[in-house]
Amino acid sequence: MRNQHKNQFLEALSRDWSAMDTRTFADTVDALTYDPLIAKEWTEHHTIPLLEAVESSGRDVLVLARTLHNPSSIRCLLYFDLLMAKVANAGVAAYGEIFDFYRSLLTAWCVDDPFAHSFRNRIHQPYEVSELQGRGAIADPGIARALGRLSSACYHLSHGLYSDMNPQLVYDNFGPYNLDGGGMFSLREFGNLRPVDLWPETARLGVDRIRIGARYEDVDLTVDATTHAVYRGDVIGGLRAWWCEADGSILSLEEIERLRGAIEACAIEVYTKVKQQSFEEKKKMYVFQKSWSYHALFGTIGLDWRPHEEILNAIQDKPLFDGWREPVDRSDLTEMFQKIFDPDANLPPEVFRQQKA
């Protein structure tokens with residue numbers, strides 16, 4: 001099963017990473033240019049202590065998985081930790097431990113398709129789907145548009161709070177759940193909206209988690225290995241039933257609109273501060289955002305989530321890493337990503353512009 005999972009992991013990751021235009025990260029943050037700067041220090045002072053503490057904790061795997069927010073977040077944490085371990089040349093044994101740890105979390109939590117190889121992102125059993133979709137009230141186009149505006153506001157805030165590399169700390173889309181009576185149910189979740197340790201101003205939001213349940217007709221959902229969800233079909237006219245809750249309380253349409261306004265205002269405030277950051281401030285914030293991803297897990301296993309001093313020192317006064325080889329085409333890029341993220345091999349020289357010293 002491990003080999004099957006490894007193949008699914010590499011196929012899904014390389015397929016979906018190579019489909020992205022990473023040039024869009026040029027003015028924001030890109031793990032491929034930031035993470036190599038701290039690869040050795042992160043692996044030594046974060047990843048290895050994490051694996052050791054998890055092993056000694058004896059905690060249930062599903063409990064640990066749920067501290068890492070959602071499956072899309074877990075997949076990305078796997079990518080980033082594995083990438084840094086390989087750049088640090090930590091060894092095949094370490095890569096395997098990292099892969100097996102995150103694989104155990106995903107297989108414990110996901111109903112199927114743990115690496116989104118088949119574009120599914122499902123964590124709910126049939127009886128749970130039945131209960132969730134049964135809450136829905138009759139929808140109309142106005143409701144559909146209001147839910148879309150609320151979702152967009154949350155997406156915008158997520159990129160400000162956690163950079164373009166970690167917005168999945170806020171959002172995930174669960175489904176598709178095909179219903180016996182026809183149609184499809186999906187669940188959108190937006191969490192971690194108030195990371196006051198990173199952004200004190202988010203305390204004013206008053207809401208940390210939003211969930212939107214939706215039953216559609218003639219609409220399908222795919223979720224890829226890089227967190228991207230695509231709804232195909234008429235999501236306005238095809239919405240048949242809906243519900244929306246914030247921190248467990250059902251919201252009316254008027255409450256949704258007020259909440260959307262507050263989230264949009266917060267997103268503008270956060271983005272204004274992001275734009276004002278210097279290059280050094282941006283790098284430091286990136287390390288804190290990355291570390292904050294683990295705050296609940298580290299609290300569970302008795303570690304401090306805040307980044308080790310050596311990690312912060314490692315990223316200071318350094319230009320971005322630019323040593324990756326420029327791919328010839330998408331096929332070449334896909335093959336390159338498979339080599340970079342293969343948990344059973346060191347990084348080969350051909351992925352770099354020149355042989356790594």
# chains A, B, ... in the order shown; residues from 1 in each chain; ligands from 1
>>> select_by_dssp(residues="stretch 38-251 of chain A", states="helix (DSSP H, G or I)", output="number ranges by chain")
A: 38-57, 61-66, 71-87, 92-109, 126-133, 141-162, 167-169, 200-205
>>> closest_atom_pairs(of="stretch 191-212 of chain A", to="stretch 287-310 of chain A", cutoff="9 Å", atoms="only C-alpha atoms", output="CSV")
residue,atom,partner,partner_atom,distance
A:Pro195,CA,A:Trp292,CA,8.6
A:Asp197,CA,A:Trp292,CA,8.5
A:Leu198,CA,A:Gln289,CA,7.4
>>> residues_around(residues="A:Glu255", least_positions_apart="5", cutoff="10 Å", atoms="only C-alpha atoms", output="number ranges by chain")
A: 244-246, 250, 260-261
>>> residues_around(residues="A:His159", least_positions_apart="4", cutoff="12 Å", atoms="only C-alpha atoms", output="JSON, numbers by chain")
{"A": [25, 28, 29, 152, 153, 154, 155, 163, 164, 165, 166, 167, 168, 169, 170, 171, 193, 266, 267, 268, 270, 271, 274, 286, 289]}
>>> closest_atom_pairs(of="stretch 197-299 of chain A", to="stretch 69-82 of chain A", cutoff="8 Å", atoms="only C-alpha atoms", output="CSV")
residue,atom,partner,partner_atom,distance
A:Ala225,CA,A:Arg75,CA,7.2
A:Thr226,CA,A:Cys76,CA,7.2
A:Thr227,CA,A:Ser72,CA,5.4
>>> atom_distance(atom1="atom CA of A:Val63", atom2="atom CA of A:Arg120")
21.7 Å
>>> select_by_dssp(residues="stretch 131-343 of chain A", states="strand (DSSP E or B)", output="PyMOL selection string")
chain A and resi 137-138+171-178+184-190+210-216+219-223+229-233+239-246+249-250+324
>>> residues_around(residues="A:Lys40", least_positions_apart="5", cutoff="12 Å", atoms="only C-alpha atoms", output="number ranges by chain")
A: 35, 45-48, 81-91, 310-315
>>> residues_around(residues="A:Asn7", least_positions_apart="3", cutoff="10 Å", atoms="only C-alpha atoms", output="list in words")
Met1, Arg2, Asn3, Gln4, Leu10, Glu11, Ala12, Leu13, Phe115, His117, Gln338 and Asp342 of chain A
>>> residues_around(residues="A:Leu147", least_positions_apart="2", cutoff="9 Å", atoms="only C-alpha atoms", output="list in words")
Gly142, Ile143, Ala144, Arg145, Arg149, Leu150, Ser151, Ser152, Ile212, Cys244, Leu253, Ile256 and Glu257 of chain A
>>> closest_residue(among="A:Ile98, A:Leu161, A:Met184, A:Val219", to="A:Pro200", atoms="only C-alpha atoms")
A:Leu161
>>> closest_atom_pairs(of="stretch 15-131 of chain A", to="stretch 174-179 of chain A", cutoff="9 Å", atoms="only C-alpha atoms", output="tab-separated table")
residue	atom	partner	partner_atom	distance
A:Arg120	CA	A:Gly175	CA	6.2
A:Asn121	CA	A:Phe174	CA	5.2
A:Arg122	CA	A:Gly175	CA	5.2
A:Ile123	CA	A:Phe174	CA	7.2
A:His124	CA	A:Phe174	CA	8.4
A:Pro126	CA	A:Tyr177	CA	8.6
A:Val129	CA	A:Tyr177	CA	7.3
A:Ser130	CA	A:Leu179	CA	8.4
>>> write_last_selection(atoms="N, CA and C atoms", output="compact mmCIF listing (two decimals), in the first residue's frame")
# COMPACT_ATOMS: atom_id res chain seq x y z
N ARG A 120 -10.62 14.05 -5.46
CA ARG A 120 -11.64 13.98 -4.41
C ARG A 120 -11.01 14.42 -3.09
N ASN A 121 -11.86 15.03 -2.25
CA ASN A 121 -11.41 15.49 -0.94
C ASN A 121 -12.54 15.22 0.05
N ARG A 122 -12.58 13.98 0.54
CA ARG A 122 -13.75 13.54 1.31
C ARG A 122 -13.33 12.99 2.67
N ILE A 123 -13.95 13.49 3.71
CA ILE A 123 -13.67 13.04 5.07
C ILE A 123 -14.93 12.58 5.79
N HIS A 124 -16.08 12.66 5.15
CA HIS A 124 -17.35 12.36 5.81
C HIS A 124 -17.90 11.01 5.37
N PRO A 126 -21.10 8.28 4.88
CA PRO A 126 -22.44 8.51 4.32
C PRO A 126 -23.46 9.04 5.33
N VAL A 129 -22.83 12.74 5.77
CA VAL A 129 -23.29 13.51 4.61
C VAL A 129 -24.80 13.66 4.65
N SER A 130 -25.51 12.59 5.00
CA SER A 130 -26.97 12.63 5.09
C SER A 130 -27.42 13.68 6.10
>>> atom_distance(atom1="atom CA of A:Glu217", atom2="atom CA of A:Arg240")
6.9 Å
>>> closest_residue(among="A:Leu259, A:Ala53, A:Leu105, A:Leu320", to="A:Lys282", atoms="only C-alpha atoms")
A:Leu320
